[in-house]
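Visitor: Handing over entry.txt, compact mmCIF, C-alpha atoms.
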```
# COMPACT_ATOMS: atom_id res chain seq x y z
CA MET A 178 -8.39 -1.28 26.41
CA GLY A 179 -5.37 -0.87 28.67
CA ASN A 180 -4.04 2.46 29.82
CA GLY A 181 -1.02 2.07 27.59
CA ALA A 182 -3.21 1.79 24.49
CA LYS A 183 -2.21 3.98 21.57
CA LYS A 184 -4.62 5.63 19.19
CA PHE A 185 -4.19 4.12 15.72
CA MET A 186 -5.92 5.61 12.71
CA TYR A 187 -5.91 3.86 9.35
CA VAL A 188 -6.41 6.44 6.63
CA ASN A 189 -7.79 4.91 3.43
CA ARG A 190 -7.55 7.09 0.35
CA ARG A 191 -7.68 4.51 -2.39
CA ALA A 192 -10.48 2.70 -4.20
CA PRO A 193 -10.73 -1.09 -4.04
CA TYR A 194 -9.78 -3.49 -6.91
CA GLY A 195 -7.81 -1.03 -9.08
CA THR A 196 -4.91 -1.57 -6.69
CA ILE A 197 -4.37 -3.90 -3.75
CA TYR A 198 -3.91 -1.18 -1.10
CA ALA A 199 -7.49 -1.35 0.22
CA LEU A 200 -7.46 -5.13 0.63
CA GLU A 201 -4.03 -5.31 2.25
CA GLY A 202 -4.86 -2.28 4.37
CA LEU A 203 -7.89 -4.12 5.71
CA GLU A 204 -5.66 -7.08 6.59
CA VAL A 205 -3.56 -4.78 8.77
CA VAL A 206 -6.67 -3.50 10.54
CA LEU A 207 -7.86 -7.05 11.30
CA ILE A 208 -4.48 -8.18 12.64
CA GLY A 209 -4.10 -4.92 14.56
CA ALA A 210 -7.43 -5.50 16.29
CA ALA A 211 -5.82 -8.28 18.33
CA PHE A 212 -3.44 -5.77 19.94
CA ASP A 213 -6.07 -4.03 22.05
CA GLN A 214 -5.32 -0.51 20.85
CA ASP A 215 -7.78 2.34 20.25
CA VAL A 216 -8.46 1.87 16.55
CA SER A 217 -10.33 3.95 14.00
CA MET A 218 -10.49 4.12 10.22
CA ALA A 219 -10.88 7.17 8.03
CA PHE A 220 -12.11 7.07 4.44
CA VAL A 221 -10.99 10.05 2.40
CA ASP A 222 -10.78 10.78 -1.35
CA ASP A 223 -11.23 7.55 -3.39
CA GLY A 224 -11.12 5.58 -0.13
CA VAL A 225 -14.86 6.19 0.24
CA PHE A 226 -15.42 3.81 -2.70
CA GLN A 227 -14.27 0.95 -0.45
CA LEU A 228 -17.57 1.22 1.42
CA LYS A 229 -19.85 1.33 -1.65
CA LYS A 230 -22.55 -1.28 -1.34
CA GLY A 231 -23.34 -3.86 -3.99
CA GLN A 232 -19.75 -4.77 -4.95
CA ASP A 233 -19.81 -7.85 -7.18
CA THR A 234 -16.57 -9.20 -8.63
CA GLY A 235 -18.17 -12.30 -10.18
CA GLU A 236 -17.41 -11.36 -13.75
CA SER A 237 -13.99 -9.84 -13.13
CA ASN A 238 -12.65 -12.88 -11.28
CA MET A 239 -11.17 -10.90 -8.43
CA LYS A 240 -11.70 -11.55 -4.75
CA ASN A 241 -14.68 -9.60 -3.39
CA PHE A 242 -13.44 -8.51 0.01
CA SER A 243 -16.27 -6.10 0.77
CA PRO A 244 -17.99 -8.61 3.13
CA THR A 245 -14.95 -8.28 5.40
CA TYR A 246 -16.00 -4.73 6.31
CA HIS A 247 -19.10 -6.25 7.94
CA ALA A 248 -16.84 -8.30 10.22
CA LEU A 249 -15.01 -5.23 11.57
CA GLY A 250 -17.57 -4.76 14.35
CA ASP A 251 -16.80 -8.25 15.69
CA TYR A 252 -13.13 -7.21 15.84
CA GLU A 253 -14.12 -4.15 17.87
CA VAL A 254 -13.26 -1.83 15.02
CA THR A 255 -16.32 0.36 15.39
CA LYS A 256 -15.19 3.85 14.39
CA LEU A 257 -15.29 4.33 10.64
CA TYR A 258 -15.15 8.00 9.70
CA VAL A 259 -16.14 8.99 6.17
CA ASP A 260 -15.15 12.40 4.83
CA ARG A 261 -18.37 14.15 3.77
CA GLU A 262 -16.72 16.22 1.06
CA SER A 263 -15.00 13.21 -0.58
CA LEU A 264 -18.34 11.40 -0.65
CA GLY A 265 -20.25 14.31 -2.16
CA GLU A 266 -17.53 15.04 -4.72
CA ARG A 267 -17.96 11.50 -6.02
CA GLY A 268 -21.73 11.72 -6.37
CA LEU A 269 -22.37 9.45 -3.40
CA SER A 270 -24.40 9.76 -0.22
CA GLN A 271 -24.74 7.66 2.92
CA ASP A 272 -27.42 5.53 1.17
CA ASP A 273 -24.75 4.29 -1.23
CA LEU A 274 -22.61 2.86 1.57
CA MET A 275 -22.79 -0.58 3.16
CA GLU A 276 -24.69 -0.68 6.42
CA LEU A 277 -22.00 -1.55 8.92
CA THR A 278 -22.92 -2.05 12.55
CA TYR A 279 -21.49 -3.28 15.84
CA GLU A 280 -22.96 -4.48 19.11
CA ASP A 281 -22.22 -2.01 21.88
CA GLU A 282 -21.27 -4.10 24.90
CA ASP A 283 -21.46 -1.03 27.13
CA ASP A 284 -25.06 -0.43 26.10
CA ASP A 285 -26.81 -3.80 26.45
CA TYR A 286 -25.37 -5.05 23.13
CA LYS A 287 -27.48 -2.65 21.13
CA GLU A 288 -26.72 -2.65 17.44
CA LYS A 289 -25.21 0.66 16.41
CA PRO A 290 -23.88 2.06 13.12
CA SER A 291 -20.09 1.99 12.72
CA ILE A 292 -19.97 4.52 9.90
CA ARG A 293 -20.04 8.19 10.75
CA ILE A 294 -19.96 10.85 8.09
CA VAL A 295 -17.85 13.70 9.35
CA ASP A 296 -17.00 17.14 8.08
CA ARG A 297 -13.53 18.51 7.57
CA LYS A 298 -13.19 20.18 10.96
CA GLU A 299 -14.15 17.04 12.83
CA LEU A 300 -11.79 14.85 10.79
CA MET A 301 -9.00 17.38 11.32
CA LYS A 302 -9.57 17.18 15.07
CA LEU A 303 -9.69 13.36 15.06
CA MET A 304 -6.40 13.17 13.17
CA GLU A 305 -4.73 15.47 15.66
CA GLU A 306 -5.73 13.10 18.50
CA GLN A 307 -3.90 10.09 17.04
CA ASP A 308 -0.62 8.53 18.11
CA VAL A 309 -0.09 6.53 14.93
CA ILE A 310 -1.49 7.27 11.48
CA LEU A 311 -1.13 4.59 8.84
CA ASN A 312 -1.91 5.55 5.28
CA PHE A 313 -2.95 3.11 2.61
CA MET B 169 13.91 8.91 19.73
CA LYS B 170 12.66 5.66 18.23
CA PHE B 171 11.47 5.62 14.63
CA GLY B 172 9.43 2.89 12.98
CA ILE B 173 9.82 2.76 9.19
CA LEU B 174 7.14 1.33 6.91
CA VAL B 175 8.08 0.77 3.27
CA ASN B 176 5.11 0.11 0.99
CA GLU B 177 6.69 0.03 -2.47
CA GLY B 178 9.34 -2.03 -4.17
CA PRO B 179 12.70 -0.62 -5.20
CA TYR B 180 13.18 1.21 -8.52
CA GLN B 181 9.50 1.38 -9.53
CA HIS B 182 8.94 4.11 -6.93
CA GLN B 183 11.27 6.41 -5.05
CA ALA B 184 9.70 5.38 -1.73
CA ALA B 185 12.40 2.82 -0.93
CA ASP B 186 15.18 5.34 -1.65
CA THR B 187 13.51 7.98 0.50
CA ALA B 188 13.03 5.47 3.32
CA LEU B 189 16.68 4.42 3.07
CA ASN B 190 17.92 8.03 3.09
CA PHE B 191 15.63 8.94 6.00
CA THR B 192 16.76 5.89 8.00
CA LYS B 193 20.44 6.73 7.41
CA ALA B 194 19.91 10.37 8.43
CA ALA B 195 18.00 9.34 11.57
CA LEU B 196 20.79 6.94 12.61
CA GLN B 197 23.39 9.60 11.91
CA LYS B 198 21.58 11.98 14.24
CA GLY B 199 21.68 9.36 16.98
CA HIS B 200 18.07 8.18 16.78
CA GLU B 201 17.08 4.54 17.08
CA ILE B 202 15.28 2.54 14.41
CA GLU B 203 12.79 0.21 16.08
CA ARG B 204 12.25 -1.77 12.90
CA VAL B 205 11.87 -1.42 9.15
CA PHE B 206 8.73 -3.18 7.97
CA PHE B 207 8.13 -3.99 4.30
CA TYR B 208 4.52 -4.25 3.13
CA HIS B 209 2.55 -4.28 -0.13
CA ASP B 210 5.08 -4.31 -3.02
CA GLY B 211 7.65 -3.16 -0.46
CA VAL B 212 8.42 -6.85 0.11
CA ASN B 213 10.37 -6.71 -3.16
CA ASN B 214 13.08 -4.82 -1.28
CA GLY B 215 13.93 -8.18 0.22
CA THR B 216 14.74 -10.42 -2.74
CA ARG B 217 18.39 -11.30 -3.22
CA LEU B 218 17.74 -12.07 -6.90
CA THR B 219 17.67 -8.34 -7.65
CA THR B 220 20.37 -7.51 -10.18
CA PRO B 221 20.38 -3.84 -11.14
CA PRO B 222 22.74 -2.49 -13.82
CA GLN B 223 26.30 -1.99 -12.51
CA ASP B 224 26.12 1.80 -12.67
CA ASP B 225 22.97 1.95 -10.53
CA ARG B 226 22.43 1.59 -6.78
CA ASN B 227 21.62 -1.84 -5.40
CA ILE B 228 18.83 -0.99 -2.98
CA VAL B 229 18.48 -4.53 -1.62
CA LYS B 230 22.17 -4.63 -0.81
CA LEU B 231 22.11 -1.14 0.70
CA TRP B 232 19.38 -2.24 3.12
CA GLY B 233 21.36 -5.33 4.04
CA GLU B 234 24.57 -3.36 4.64
CA LEU B 235 22.79 -0.73 6.73
CA ALA B 236 21.12 -3.47 8.77
CA LYS B 237 24.45 -5.13 9.40
CA GLU B 238 26.16 -1.93 10.42
CA HIS B 239 23.41 -0.79 12.79
CA ASP B 240 21.85 -4.11 13.76
CA LEU B 241 18.52 -3.17 12.15
CA ASP B 242 15.48 -5.43 12.16
CA LEU B 243 14.30 -5.68 8.53
CA VAL B 244 10.97 -7.50 8.43
CA VAL B 245 9.15 -8.59 5.30
CA CYS B 246 5.41 -9.23 5.75
CA VAL B 247 4.67 -12.92 5.20
CA ALA B 248 1.21 -12.50 3.66
CA ALA B 249 2.33 -9.79 1.23
CA ALA B 250 5.50 -11.80 0.46
CA GLN B 251 3.60 -14.97 -0.34
CA ARG B 252 1.42 -13.14 -2.88
CA ARG B 253 4.52 -11.76 -4.58
CA GLY B 254 6.84 -14.75 -4.44
CA ILE B 255 9.30 -13.73 -1.75
CA VAL B 256 10.19 -16.76 0.40
CA ASP B 257 12.80 -17.87 2.90
CA GLN B 258 13.91 -21.45 3.36
CA ASP B 259 11.14 -22.35 5.80
CA GLU B 260 8.43 -20.79 3.66
CA ALA B 261 9.75 -22.51 0.55
CA LYS B 262 9.65 -25.85 2.32
CA ARG B 263 6.19 -25.30 3.75
CA HIS B 264 4.73 -24.46 0.34
CA GLY B 265 6.69 -27.02 -1.66
CA LYS B 266 8.77 -24.50 -3.62
CA ASN B 267 12.17 -25.50 -4.96
CA ALA B 268 13.95 -22.24 -4.15
CA ASP B 269 14.03 -19.34 -1.73
CA ASN B 270 15.03 -15.76 -2.44
CA ILE B 271 15.07 -13.74 0.78
CA ALA B 272 18.05 -11.38 0.89
CA ASP B 273 20.70 -11.22 3.60
CA GLY B 274 19.66 -9.13 6.57
CA PHE B 275 15.91 -9.59 6.06
CA ARG B 276 13.50 -11.88 7.86
CA ILE B 277 9.91 -12.88 7.08
CA SER B 278 7.28 -12.44 9.77
CA GLY B 279 3.65 -11.52 10.37
CA LEU B 280 1.72 -8.27 10.23
CA GLY B 281 1.70 -8.22 14.02
CA GLN B 282 5.28 -6.94 13.75
CA LEU B 283 3.97 -3.82 12.01
CA ILE B 284 1.45 -3.11 14.77
CA GLU B 285 4.06 -3.82 17.43
CA MET B 286 6.39 -1.38 15.65
CA GLY B 287 3.65 1.27 15.81
CA ILE B 288 3.20 0.67 19.52
CA LYS B 289 6.91 0.71 20.38
CA SER B 290 8.05 3.59 18.16
CA ASP B 291 7.80 7.26 19.06
CA ARG B 292 7.12 8.08 15.40
CA LEU B 293 5.94 5.88 12.57
CA MET B 294 7.05 6.94 9.11
CA VAL B 295 5.16 5.65 6.07
CA PHE B 296 6.98 5.60 2.73
CA GLY B 297 4.83 4.54 -0.19
CA ASP B 298 3.20 5.61 -3.42
CA MET C 158 1.70 17.39 13.00
CA LEU C 159 4.13 16.87 10.13
CA HIS C 160 2.43 16.14 6.82
CA THR C 161 4.47 14.76 3.94
CA ILE C 162 3.24 14.76 0.34
CA ASN C 163 5.03 12.83 -2.38
CA LYS C 164 2.72 13.40 -5.36
CA SER C 165 2.94 15.93 -8.13
CA PRO C 166 -0.15 18.12 -7.71
CA PHE C 167 -0.68 17.77 -11.45
CA GLU C 168 -1.11 14.00 -11.06
CA LYS C 169 -3.04 13.52 -7.83
CA ASN C 170 -4.63 15.92 -5.41
CA SER C 171 -2.85 14.70 -2.26
CA LEU C 172 -1.65 18.24 -1.46
CA GLY C 173 -5.20 19.57 -1.83
CA THR C 174 -6.60 16.96 0.56
CA CYS C 175 -3.77 17.57 3.01
CA LEU C 176 -4.37 21.33 2.97
CA ARG C 177 -8.08 20.77 3.53
CA LEU C 178 -7.50 18.52 6.55
CA ALA C 179 -4.32 19.90 8.12
CA LYS C 180 -4.75 21.97 11.26
CA PRO C 181 -3.46 25.56 10.91
CA GLY C 182 0.14 25.76 12.07
CA SER C 183 1.15 22.37 10.70
CA ASP C 184 4.46 21.56 9.07
CA ILE C 185 4.07 20.43 5.46
CA LEU C 186 7.00 18.78 3.72
CA LEU C 187 6.97 18.11 -0.01
CA ILE C 188 9.11 15.17 -1.06
CA GLU C 189 9.70 13.11 -4.23
CA ASP C 190 7.30 14.32 -7.00
CA GLY C 191 5.62 16.49 -4.36
CA VAL C 192 8.35 19.08 -4.92
CA TYR C 193 6.77 19.97 -8.27
CA SER C 194 4.17 21.85 -6.19
CA VAL C 195 6.49 24.71 -5.27
CA ILE C 196 7.61 26.11 -8.64
CA LYS C 197 6.98 29.81 -9.03
CA GLY C 198 4.60 30.66 -11.85
CA SER C 199 2.91 27.28 -11.88
CA ALA C 200 -0.84 26.77 -11.62
CA MET C 201 -0.25 25.77 -7.97
CA GLU C 202 1.37 29.04 -6.95
CA SER C 203 -1.63 30.80 -5.39
CA LYS C 204 -2.64 27.67 -3.49
CA VAL C 205 0.87 27.11 -2.11
CA ARG C 206 1.29 30.82 -1.32
CA GLU C 207 -1.97 30.65 0.62
CA ALA C 208 -0.68 27.55 2.43
CA THR C 209 2.52 29.31 3.51
CA LYS C 210 0.37 31.81 5.42
CA GLU C 211 -1.29 29.09 7.54
CA HIS C 212 1.43 26.48 7.69
CA THR C 213 5.17 26.14 7.34
CA VAL C 214 5.88 24.65 3.94
CA TYR C 215 9.13 22.80 3.27
CA ALA C 216 10.53 21.03 0.20
CA LEU C 217 13.18 18.33 0.31
CA GLY C 218 16.37 19.75 -1.22
CA PRO C 219 17.81 16.52 -2.65
CA ASP C 220 14.51 15.87 -4.48
CA LEU C 221 14.49 19.42 -5.91
CA LYS C 222 18.08 18.97 -7.08
CA ALA C 223 17.39 15.58 -8.64
CA ARG C 224 14.62 17.16 -10.68
CA GLY C 225 16.64 20.18 -11.78
CA ILE C 226 14.56 22.69 -9.84
CA GLU C 227 16.85 25.53 -8.72
CA GLU C 228 16.06 27.22 -5.43
CA ASN C 229 15.52 30.58 -7.15
CA ARG C 230 12.51 29.03 -8.91
CA LEU C 231 10.68 28.34 -5.66
CA ILE C 232 7.61 30.17 -4.43
CA GLU C 233 8.64 32.65 -1.71
CA GLY C 234 8.18 31.40 1.81
CA VAL C 235 8.92 27.74 0.98
CA LYS C 236 11.85 26.45 3.02
CA VAL C 237 14.32 23.86 1.80
CA VAL C 238 15.56 21.06 4.06
CA GLY C 239 17.78 18.02 3.61
CA TYR C 240 17.22 14.52 4.97
CA ASP C 241 18.57 15.63 8.35
CA GLY C 242 15.96 18.41 8.36
CA PHE C 243 13.31 15.82 7.43
CA VAL C 244 14.33 13.76 10.47
CA GLU C 245 14.23 16.86 12.70
CA LEU C 246 10.75 17.78 11.49
CA ALA C 247 9.54 14.23 12.18
CA ALA C 248 11.07 14.25 15.65
CA ASP C 249 9.86 17.76 16.57
CA ASN C 250 6.24 17.07 15.63
CA ASP C 251 4.07 14.78 17.76
CA ARG C 252 2.91 12.72 14.81
CA VAL C 253 3.47 12.28 11.11
CA GLN C 254 0.98 11.71 8.34
CA SER C 255 2.08 10.84 4.82
CA TRP C 256 -0.38 11.75 2.14
CA LEU C 257 0.46 9.20 -0.54
```
Starting from the coordinates I provided, produce the structure as structure tokens.
Guide:
Amino acid sequence: MGNGAKKFMYVNRRAPYGTIYALEGLEVVLIGAAFDQDVSMAFVDDGVFQLKKGQDTGESNMKNFSPTYHALGDYEVTKLYVDRESLGERGLSQDDLMELTYEDEDDDYKEKPSIRIVDRKELMKLMEEQDVILNF
Amino acid sequence: MKFGILVNEGPYQHQAADTALNFTKAALQKGHEIERVFFYHDGVNNGTRLTTPPQDDRNIVKLWGELAKEHDLDLVVCVAAAQRRGIVDQDEAKRHGKNADNIADGFRISGLGQLIEMGIKSDRLMVFGD
Amino acid sequence: MLHTINKSPFEKNSLGTCLRLAKPGSDILLIEDGVYSVIKGSAMESKVREATKEHTVYALGPDLKARGIEENRLIEGVKVVGYDGFVELAADNDRVQSWL
């Protein structure tokens, strides 16, 4: 990452499938990865549903884009922050989320989890550190 | 100061396009620069010249075009979002074998990279959506 | 940071999430249907009153007018700005977050 890199945070507050925001938001993240910026994603409110494991759109004839989240690590998008309160409010816990990992090139390519569940204070602090916040 | 403007909803259905337009005008009036206006999601519908609102209502598509002309604004419609929703320019129409195009005056179609670039180059990025 | 909220609090809890995650001392601007949050006597009053103690809360004047909300109906402490004020708030803060 160059010195001129900006901190981009993509804030996802919407569930997948009901509307297209999650899918098209993910497309921005993937394209943005090519620009060598400091990227993170936050999942707040219904956005946490994007990471629910076991999504199967077979019978609803929509495109299942949940596998794309597994590719984020290869695009060096490795910081996915999930708001603890949003998760709990919706009856979910970490076990309900997809297991997303990345290979840490600074640590002998060890596989590490991309998802971090954070509390309100930590998320507040992370948001204050950003240069650009994109909301979907 | 340089503002980047992201418009995520089409005209009329949501107020987002009106708010974005009013904000952009006010920023220009105060002497700020507009790096670009990028249209994403249903926001691409701001860029169809086939829009025909009732005579007593505002023509948002035209207002964008006029503002762009007056201030030399870069109005960019996202190609991927536009393809899903049937917004095409002449090149896109040709490439996909369509018999018509509908991009409005003052707008151009380009990739999502233009949104990221806008975020990098602007001092502030404003998101207008639903 | 400048936070903008464009949802009626009776439709979606964007204001609630914003207030939970906004650092004390933030500027909060209610626009579009977000302006329905600042009517005196509504179910939102205590929450918004509380917010005015920690943050500076603004409502966009043209959106209040469009919806027929007179300024004397607003919760005390809420400031009204026009589009030029909106631009100033965006320029004066280091970053902007819109809670859609």
Visitor: With a distance threshold of 7 Å and counting only C-alpha atoms, extract the residues of chain C near chain A and express them as a ChimeraX atom specification.
Guide: /C:178-180,252,254-255
Visitor: Enumerate, in order of chain and increasing residue number, the residues of chain B with an atom no farther than 10 Å from chain C, each with its shortest atom pair and distance in Å to one decimal, counting all atoms listed in the file, as CSV.
Guide:
```
residue,atom,partner,partner_atom,distance
B:Met169,CA,C:Ala248,CA,7.3
B:Lys170,CA,C:Ala248,CA,9.1
B:Phe171,CA,C:Ala248,CA,8.7
B:His182,CA,C:Glu189,CA,9.4
B:Gln183,CA,C:Glu189,CA,6.9
B:Ala184,CA,C:Glu189,CA,8.1
B:Asp186,CA,C:Glu189,CA,9.9
B:Thr187,CA,C:Glu189,CA,8.0
B:Asn190,CA,C:Tyr240,CA,6.8
B:Phe191,CA,C:Tyr240,CA,5.9
B:Thr192,CA,C:Val244,CA,8.6
B:Lys193,CA,C:Tyr240,CA,8.8
B:Ala194,CA,C:Asp241,CA,5.4
B:Ala195,CA,C:Val244,CA,5.8
B:Leu196,CA,C:Val244,CA,9.6
B:Gln197,CA,C:Asp241,CA,8.5
B:Lys198,CA,C:Asp241,CA,7.6
B:His200,CA,C:Val244,CA,9.2
B:Asp291,CA,C:Ala248,CA,8.4
B:Arg292,CA,C:Arg252,CA,6.3
B:Leu293,CA,C:Val253,CA,7.0
B:Met294,CA,C:Val253,CA,6.7
B:Val295,CA,C:Ser255,CA,6.2
B:Phe296,CA,C:Ser255,CA,7.5
B:Gly297,CA,C:Leu257,CA,6.4
B:Asp298,CA,C:Leu257,CA,5.4
```
Visitor: Residues of chain A near chain B: apply a cut-off of 10 Å, count only C-alpha atoms, and supply the list as a ChimeraX atom specification.
Guide: /A:181-185,197-198,201-202,204-212,214,308-313
Visitor: For Glu211 of chain C, please output as an mmCIF file with C-alpha atoms, keeping the file's coordinate frame all residues within 6 Å (counting only C-alpha atoms; exclusion window: fewer than 2 positions along the same chain).
Guide:
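To be explicit, this is the file written out as out-v6.cif:
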```cif
data_model
loop_
_atom_site.group_PDB
_atom_site.id
_atom_site.type_symbol
_atom_site.label_atom_id
_atom_site.label_comp_id
_atom_site.auth_asym_id
_atom_site.auth_seq_id
_atom_site.Cartn_x
_atom_site.Cartn_y
_atom_site.Cartn_z
ATOM 1 C CA PRO C 181 -3.460 25.560 10.910
ATOM 2 C CA GLY C 182 0.140 25.760 12.070
ATOM 3 C CA ALA C 208 -0.680 27.550 2.430
ATOM 4 C CA THR C 209 2.520 29.310 3.510
#
```
Visitor: Could you work out how far atom CA of Met186 of chain A lies from atom CA of Val216 of chain A, giving the answer in Å with one decimal?
Guide: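 Between these atoms lies a distance of 5.9 Å.
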